[in-house]
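Encoded as structure tokens, the structure appears first; notes follow it.
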Amino acid sequence: MKLTAIGSAILLLTLPAWAGTFIEDFDNNFGVWQELLMADAVPGSWEIVDGELHAVSPDGWTRLLTVGDETWRDYTFEFDVKPLDNRGPSNIVITARIKGSWVVWCLIGDLPFVDNISEVKFAAGNFQDPNTFLFSHSKRFRFLKLNKWSNLKLDVKENILNFWINGNQVIGPVRLPNRRSFERFDALRKEHAAEEGRELPALQLNGLQDFLTGAAGLGLSNQTARFDNVVITGDSIPNSGGLSVNPRTKLTTMWGSLKRF
């Protein structure tokens, strides 16, 4: 996959001067990445092996490795991924507009009892409280092949999202949710619960803002995979050599096992 990295470097040289580009081939800069954990998950394993990111998420909780800060606005984010092993229902995730624990993501998850077919979902919510997630635009797609590289690409511009797998547009254009979307969702879930004689507490929307800015990330659950050739491009993106993370806007909840071979 190093040919992709070379192509990315050429792309960097040919982009307009006003477009910033962050390139990560996992030979340098690994220290700017941080882990964000879902709910009660323990840290996963993130290691650099032979110039690639080797990631292990040992159970059904999704773990993210994130980069950037809350000021990043409109950008295109892509990377290569090679699933190596899954121990049951698993997923690969690409995320954007991460602010605190609120996340926009596209999830590629295998379907139980259906070989080689996955379900691709667009979702948004509080990553540390899966009950808040709004899912939409679910679509069936071929699951990413084990031991084969695939390319995932996510584009967010204003409140519009588009997502591609290996050059095929799978989701989009779709509108990102906002506070009103979550309030409507909350009202509906409480209404349905009341019809069943149950009472639900209101969703905790503290920290929720419209998904117009935020960091990017990649992740997985119940899976071992390799990641490489990350390219993030946009007006608000600093070039690779100038990326910094403001400690006051760190997205991490706990560090994973970060180790350079």
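If you're wondering about the labels, chains in the structure tokens are A, B, ... by order shown, residues count from 1 in each chain, ligands from 1 in order shown.
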
All residues 6 Å or closer to segment 98-106 of chain A, only C-alpha atoms, same chain fewer than 5 positions away omitted, as a list in words
Glu70, Val93, Lys121, Phe122, Ala123, Ala124, Gly125, Asn126, Phe127, Gly214, Ala215 and Leu251 of chain A

Please dump the current selection as an mmCIF file, in the first residue's frame; keep N, CA and C atoms.
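Saved result, part02.cif, follows:
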data_model
loop_
_atom_site.group_PDB
_atom_site.id
_atom_site.type_symbol
_atom_site.label_atom_id
_atom_site.label_comp_id
_atom_site.auth_asym_id
_atom_site.auth_seq_id
_atom_site.Cartn_x
_atom_site.Cartn_y
_atom_site.Cartn_z
ATOM 1 N N GLU A 70 -11.466 20.382 17.660
ATOM 2 C CA GLU A 70 -12.866 20.749 17.488
ATOM 3 C C GLU A 70 -13.081 21.894 16.498
ATOM 4 N N VAL A 93 -15.087 1.336 11.250
ATOM 5 C CA VAL A 93 -15.770 2.617 11.370
ATOM 6 C C VAL A 93 -14.877 3.752 10.886
ATOM 7 N N LYS A 121 -24.093 1.723 7.753
ATOM 8 C CA LYS A 121 -25.013 2.640 8.414
ATOM 9 C C LYS A 121 -24.360 3.999 8.614
ATOM 10 N N PHE A 122 -25.165 5.029 8.465
ATOM 11 C CA PHE A 122 -24.781 6.377 8.870
ATOM 12 C C PHE A 122 -25.447 6.654 10.212
ATOM 13 N N ALA A 123 -24.685 7.173 11.166
ATOM 14 C CA ALA A 123 -25.230 7.410 12.496
ATOM 15 C C ALA A 123 -24.565 8.613 13.133
ATOM 16 N N ALA A 124 -25.206 9.137 14.187
ATOM 17 C CA ALA A 124 -24.625 10.225 14.970
ATOM 18 C C ALA A 124 -25.152 10.108 16.382
ATOM 19 N N GLY A 125 -24.346 10.529 17.345
ATOM 20 C CA GLY A 125 -24.795 10.481 18.722
ATOM 21 C C GLY A 125 -23.639 10.636 19.687
ATOM 22 N N ASN A 126 -23.946 10.399 20.966
ATOM 23 C CA ASN A 126 -22.942 10.457 22.017
ATOM 24 C C ASN A 126 -22.237 9.110 22.076
ATOM 25 N N PHE A 127 -20.952 9.082 21.729
ATOM 26 C CA PHE A 127 -20.230 7.825 21.612
ATOM 27 C C PHE A 127 -20.171 7.075 22.933
ATOM 28 N N GLY A 214 -15.375 19.539 14.065
ATOM 29 C CA GLY A 214 -14.875 18.483 14.933
ATOM 30 C C GLY A 214 -13.820 17.634 14.254
ATOM 31 N N ALA A 215 -13.195 16.783 15.045
ATOM 32 C CA ALA A 215 -12.067 15.963 14.607
ATOM 33 C C ALA A 215 -12.528 14.753 13.803
ATOM 34 N N LEU A 251 -9.765 14.738 22.984
ATOM 35 C CA LEU A 251 -10.957 13.932 22.858
ATOM 36 C C LEU A 251 -10.843 12.610 23.595
#

Would you mind listing what lies within 9 Å of Arg179 of chain A as a ChimeraX atom specification, with only C-alpha atoms counted and same-chain residues fewer than 5 positions away left out?
/A:184,205,208-210

Could you tell me which of A:Leu146, A:Ala202, A:Leu188, A:Ile160 comes closest to Val174 of chain A if we count only C-alpha atoms?
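The answer is A:Ile160, which sits nearest to Val174 of chain A.
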
For Val231 of chain A, work out the shell of residues within 6 Å, counting only C-alpha atoms and skipping chain neighbours fewer than 5 positions away, then give it as an MDAnalysis selection string.
chainID A and resid 22:23 77:78

With N, CA, C and O atoms retained, could you export that selection as a PDB file, in the first residue's frame?
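So selection-v1.pdb came out as:
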ATOM      1  N   PHE A  22      -3.442  16.837   5.823  1.00  0.00           N
ATOM      2  CA  PHE A  22      -2.772  16.028   6.831  1.00  0.00           C
ATOM      3  C   PHE A  22      -2.604  14.626   6.272  1.00  0.00           C
ATOM      4  O   PHE A  22      -3.580  13.983   5.873  1.00  0.00           O
ATOM      5  N   ILE A  23      -1.355  14.151   6.207  1.00  0.00           N
ATOM      6  CA  ILE A  23      -1.062  12.817   5.705  1.00  0.00           C
ATOM      7  C   ILE A  23      -0.409  12.011   6.817  1.00  0.00           C
ATOM      8  O   ILE A  23       0.523  12.476   7.465  1.00  0.00           O
ATOM      9  N   PHE A  77     -11.900  12.872   4.371  1.00  0.00           N
ATOM     10  CA  PHE A  77     -11.073  11.987   5.187  1.00  0.00           C
ATOM     11  C   PHE A  77     -11.108  10.598   4.555  1.00  0.00           C
ATOM     12  O   PHE A  77     -12.179  10.036   4.325  1.00  0.00           O
ATOM     13  N   GLU A  78      -9.931  10.060   4.248  1.00  0.00           N
ATOM     14  CA  GLU A  78      -9.889   8.714   3.691  1.00  0.00           C
ATOM     15  C   GLU A  78      -8.686   7.947   4.226  1.00  0.00           C
ATOM     16  O   GLU A  78      -7.694   8.525   4.667  1.00  0.00           O
TER      17      GLU A  78
END

Based on the backbone DSSP call, show me all residues of segment 35-246 of chain A assigned strand (DSSP E or B), as JSON, numbers by chain.
{"A": [35, 36, 37, 45, 46, 47, 48, 49, 52, 53, 54, 55, 56, 57, 63, 64, 65, 66, 67, 75, 76, 77, 78, 79, 80, 81, 82, 83, 84, 85, 86, 87, 88, 89, 90, 91, 92, 93, 94, 95, 96, 97, 98, 99, 102, 103, 104, 105, 106, 107, 108, 109, 110, 117, 118, 119, 120, 121, 122, 123, 124, 125, 126, 134, 135, 136, 137, 138, 139, 140, 141, 142, 150, 151, 152, 153, 154, 155, 156, 157, 160, 161, 162, 163, 164, 165, 168, 169, 170, 171, 172, 173, 174, 175, 215, 216, 217, 218, 219, 220, 221, 222, 223, 224, 225, 226, 227, 228, 229, 230, 231, 232, 233, 234]}

One decimal place gives the atom CA of Leu84 of chain A-atom CA of Lys145 of chain A separation as 8.8 Å

List every residue of segment 60-258 of chain A that DSSP, applied to the backbone of this structure, places in helix (DSSP H, G or I), and write the result as an mmCIF file with N, CA, C and O atoms, in the first residue's frame.
data_model
loop_
_atom_site.group_PDB
_atom_site.id
_atom_site.type_symbol
_atom_site.label_atom_id
_atom_site.label_comp_id
_atom_site.auth_asym_id
_atom_site.auth_seq_id
_atom_site.Cartn_x
_atom_site.Cartn_y
_atom_site.Cartn_z
ATOM 1 N N PRO A 130 -24.543 4.834 23.832
ATOM 2 C CA PRO A 130 -25.124 4.325 22.580
ATOM 3 C C PRO A 130 -26.636 4.521 22.476
ATOM 4 O O PRO A 130 -27.183 4.468 21.373
ATOM 5 N N ASN A 131 -27.334 4.757 23.606
ATOM 6 C CA ASN A 131 -28.781 4.975 23.542
ATOM 7 C C ASN A 131 -29.144 6.255 22.795
ATOM 8 O O ASN A 131 -30.291 6.434 22.382
ATOM 9 N N THR A 132 -28.182 7.160 22.622
ATOM 10 C CA THR A 132 -28.482 8.418 21.929
ATOM 11 C C THR A 132 -28.333 8.309 20.419
ATOM 12 O O THR A 132 -28.665 9.252 19.698
ATOM 13 N N ARG A 179 -29.660 19.459 16.966
ATOM 14 C CA ARG A 179 -30.325 19.305 18.257
ATOM 15 C C ARG A 179 -31.820 19.002 18.087
ATOM 16 O O ARG A 179 -32.382 18.179 18.812
ATOM 17 N N ARG A 180 -32.447 19.643 17.112
ATOM 18 C CA ARG A 180 -33.882 19.408 16.909
ATOM 19 C C ARG A 180 -34.140 17.947 16.546
ATOM 20 O O ARG A 180 -35.140 17.364 16.978
ATOM 21 N N SER A 181 -33.248 17.344 15.753
ATOM 22 C CA SER A 181 -33.394 15.929 15.398
ATOM 23 C C SER A 181 -33.396 15.054 16.645
ATOM 24 O O SER A 181 -34.208 14.119 16.771
ATOM 25 N N PHE A 182 -32.464 15.327 17.559
ATOM 26 C CA PHE A 182 -32.382 14.526 18.778
ATOM 27 C C PHE A 182 -33.580 14.768 19.685
ATOM 28 O O PHE A 182 -34.067 13.835 20.342
ATOM 29 N N GLU A 183 -34.079 15.980 19.731
ATOM 30 C CA GLU A 183 -35.247 16.262 20.556
ATOM 31 C C GLU A 183 -36.479 15.538 20.020
ATOM 32 O O GLU A 183 -37.288 15.009 20.790
ATOM 33 N N ARG A 184 -36.636 15.502 18.679
ATOM 34 C CA ARG A 184 -37.747 14.745 18.093
ATOM 35 C C ARG A 184 -37.608 13.262 18.392
ATOM 36 O O ARG A 184 -38.579 12.577 18.730
ATOM 37 N N PHE A 185 -36.371 12.745 18.259
ATOM 38 C CA PHE A 185 -36.096 11.340 18.551
ATOM 39 C C PHE A 185 -36.435 11.016 20.003
ATOM 40 O O PHE A 185 -37.055 9.990 20.308
ATOM 41 N N ASP A 186 -36.065 11.907 20.909
ATOM 42 C CA ASP A 186 -36.328 11.705 22.325
ATOM 43 C C ASP A 186 -37.836 11.663 22.589
ATOM 44 O O ASP A 186 -38.339 10.817 23.346
ATOM 45 N N ALA A 187 -38.577 12.577 21.957
ATOM 46 C CA ALA A 187 -40.030 12.607 22.144
ATOM 47 C C ALA A 187 -40.682 11.317 21.649
ATOM 48 O O ALA A 187 -41.580 10.761 22.297
ATOM 49 N N LEU A 188 -40.223 10.807 20.499
ATOM 50 C CA LEU A 188 -40.800 9.586 19.931
ATOM 51 C C LEU A 188 -40.516 8.369 20.803
ATOM 52 O O LEU A 188 -41.398 7.540 21.035
ATOM 53 N N ARG A 189 -39.284 8.254 21.291
ATOM 54 C CA ARG A 189 -38.953 7.081 22.108
ATOM 55 C C ARG A 189 -39.727 7.084 23.419
ATOM 56 O O ARG A 189 -40.178 6.025 23.883
ATOM 57 N N LYS A 190 -39.941 8.274 24.008
ATOM 58 C CA LYS A 190 -40.720 8.345 25.245
ATOM 59 C C LYS A 190 -42.201 8.047 24.971
ATOM 60 O O LYS A 190 -42.875 7.414 25.789
ATOM 61 N N GLU A 191 -42.682 8.478 23.795
ATOM 62 C CA GLU A 191 -44.069 8.199 23.428
ATOM 63 C C GLU A 191 -44.290 6.704 23.254
ATOM 64 O O GLU A 191 -45.292 6.147 23.747
ATOM 65 N N HIS A 192 -43.374 6.036 22.560
ATOM 66 C CA HIS A 192 -43.501 4.594 22.361
ATOM 67 C C HIS A 192 -43.409 3.845 23.675
ATOM 68 O O HIS A 192 -44.127 2.866 23.910
ATOM 69 N N ALA A 193 -42.522 4.290 24.557
ATOM 70 C CA ALA A 193 -42.390 3.645 25.862
ATOM 71 C C ALA A 193 -43.669 3.801 26.674
ATOM 72 O O ALA A 193 -44.121 2.859 27.346
ATOM 73 N N ALA A 194 -44.286 4.990 26.594
ATOM 74 C CA ALA A 194 -45.524 5.228 27.339
ATOM 75 C C ALA A 194 -46.644 4.316 26.844
ATOM 76 O O ALA A 194 -47.460 3.819 27.634
ATOM 77 N N GLU A 195 -46.688 4.059 25.530
ATOM 78 C CA GLU A 195 -47.697 3.167 24.976
ATOM 79 C C GLU A 195 -47.540 1.751 25.513
ATOM 80 O O GLU A 195 -48.512 0.993 25.570
ATOM 81 N N SER A 240 0.587 18.274 7.410
ATOM 82 C CA SER A 240 1.080 17.232 8.298
ATOM 83 C C SER A 240 2.104 17.740 9.290
ATOM 84 O O SER A 240 2.049 17.417 10.475
ATOM 85 N N GLY A 241 3.068 18.528 8.830
ATOM 86 C CA GLY A 241 4.145 18.948 9.704
ATOM 87 C C GLY A 241 3.735 19.939 10.754
ATOM 88 O O GLY A 241 4.452 20.149 11.725
ATOM 89 N N GLY A 242 2.537 20.542 10.598
ATOM 90 C CA GLY A 242 2.152 21.598 11.520
ATOM 91 C C GLY A 242 1.014 21.242 12.433
ATOM 92 O O GLY A 242 0.451 22.108 13.086
ATOM 93 N N PRO A 247 -4.446 20.768 24.406
ATOM 94 C CA PRO A 247 -4.806 19.912 25.535
ATOM 95 C C PRO A 247 -6.205 20.184 26.065
ATOM 96 O O PRO A 247 -6.848 19.306 26.608
ATOM 97 N N ARG A 248 -6.706 21.397 25.904
ATOM 98 C CA ARG A 248 -8.026 21.719 26.438
ATOM 99 C C ARG A 248 -9.145 21.098 25.617
ATOM 100 O O ARG A 248 -10.281 21.032 26.056
ATOM 101 N N THR A 249 -8.827 20.649 24.379
ATOM 102 C CA THR A 249 -9.857 20.056 23.546
ATOM 103 C C THR A 249 -9.544 18.607 23.228
ATOM 104 O O THR A 249 -9.999 18.084 22.231
#

With a distance cut-off of 9 Å and only C-alpha atoms, select the neighbouring residues of Ile232 of chain A, excluding the residue or stretch itself and same-chain residues fewer than 2 positions from it, and output the selection as a list of chain:residue names.
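Counting only C-alpha atoms, the residues come to A:Gly20, A:Thr21, A:Phe22, A:Ile23, A:Glu24, A:Tyr75, A:Thr76, A:Phe77, A:Glu78, A:Phe79, A:Ala216, A:Val230, A:Gly234, A:Ile237.
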
Would you mind exporting N, CA, C and O atoms of the selected residues as a short mmCIF file (atom, residue, chain, number, x, y, z; two decimals), in the first residue's frame?
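selection-v3.cif written:
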data_model
loop_
_atom_site.label_atom_id
_atom_site.label_comp_id
_atom_site.auth_asym_id
_atom_site.auth_seq_id
_atom_site.Cartn_x
_atom_site.Cartn_y
_atom_site.Cartn_z
N GLY A 20 -5.36 22.77 3.16
CA GLY A 20 -4.43 22.06 4.02
C GLY A 20 -4.62 20.57 3.89
O GLY A 20 -5.73 20.08 3.62
N THR A 21 -3.55 19.80 4.05
CA THR A 21 -3.62 18.35 3.95
C THR A 21 -2.79 17.71 5.06
O THR A 21 -1.61 18.01 5.21
N PHE A 22 -3.44 16.84 5.82
CA PHE A 22 -2.77 16.03 6.83
C PHE A 22 -2.60 14.63 6.27
O PHE A 22 -3.58 13.98 5.87
N ILE A 23 -1.35 14.15 6.21
CA ILE A 23 -1.06 12.82 5.70
C ILE A 23 -0.41 12.01 6.82
O ILE A 23 0.52 12.48 7.46
N GLU A 24 -0.91 10.80 7.04
CA GLU A 24 -0.35 9.91 8.05
C GLU A 24 -0.10 8.53 7.43
O GLU A 24 -1.05 7.87 6.99
N TYR A 75 -14.12 18.90 5.46
CA TYR A 75 -12.94 18.14 5.02
C TYR A 75 -13.34 16.80 4.41
O TYR A 75 -14.46 16.32 4.58
N THR A 76 -12.38 16.24 3.71
CA THR A 76 -12.50 14.88 3.17
C THR A 76 -11.47 14.01 3.89
O THR A 76 -10.30 14.39 4.01
N PHE A 77 -11.90 12.87 4.37
CA PHE A 77 -11.07 11.99 5.19
C PHE A 77 -11.11 10.60 4.55
O PHE A 77 -12.18 10.04 4.32
N GLU A 78 -9.93 10.06 4.25
CA GLU A 78 -9.89 8.71 3.69
C GLU A 78 -8.69 7.95 4.23
O GLU A 78 -7.69 8.52 4.67
N PHE A 79 -8.81 6.61 4.18
CA PHE A 79 -7.71 5.75 4.59
C PHE A 79 -7.91 4.36 3.99
O PHE A 79 -9.00 4.02 3.50
N ALA A 216 -11.55 13.95 13.35
CA ALA A 216 -11.82 12.75 12.56
C ALA A 216 -11.26 11.53 13.27
O ALA A 216 -10.45 11.65 14.19
N VAL A 230 -3.55 7.49 5.63
CA VAL A 230 -4.58 8.45 6.01
C VAL A 230 -4.34 9.78 5.29
O VAL A 230 -3.21 10.29 5.30
N GLY A 234 -8.75 19.80 3.65
CA GLY A 234 -9.78 20.82 3.80
C GLY A 234 -9.17 22.16 4.16
O GLY A 234 -8.02 22.24 4.57
N ILE A 237 -7.73 22.36 7.67
CA ILE A 237 -6.81 21.29 8.07
C ILE A 237 -5.37 21.79 7.97
O ILE A 237 -4.93 22.26 6.91
#

Could you produce a table of the residues of segment 68-139 of chain A lying within 12 Å of segment 51-56 of chain A, with the nearest pair of atoms per residue and their separation in Å rounded to one decimal, using only C-alpha atoms, ordered by chain and increasing residue number, as a tab-separated table?
residue	atom	partner	partner_atom	distance
A:Phe79	CA	A:Leu53	CA	11.2
A:Asp80	CA	A:Glu52	CA	10.0
A:Val81	CA	A:Leu53	CA	9.3
A:Lys82	CA	A:His54	CA	9.6
A:Pro83	CA	A:Ala55	CA	9.5
A:Leu84	CA	A:His54	CA	9.6
A:Asp85	CA	A:Val56	CA	9.4
A:Asn86	CA	A:Val56	CA	9.9
A:Arg87	CA	A:Val56	CA	11.2
A:Ser90	CA	A:Val56	CA	11.5
A:Asn91	CA	A:Val56	CA	11.8
A:Ile92	CA	A:Ala55	CA	10.9
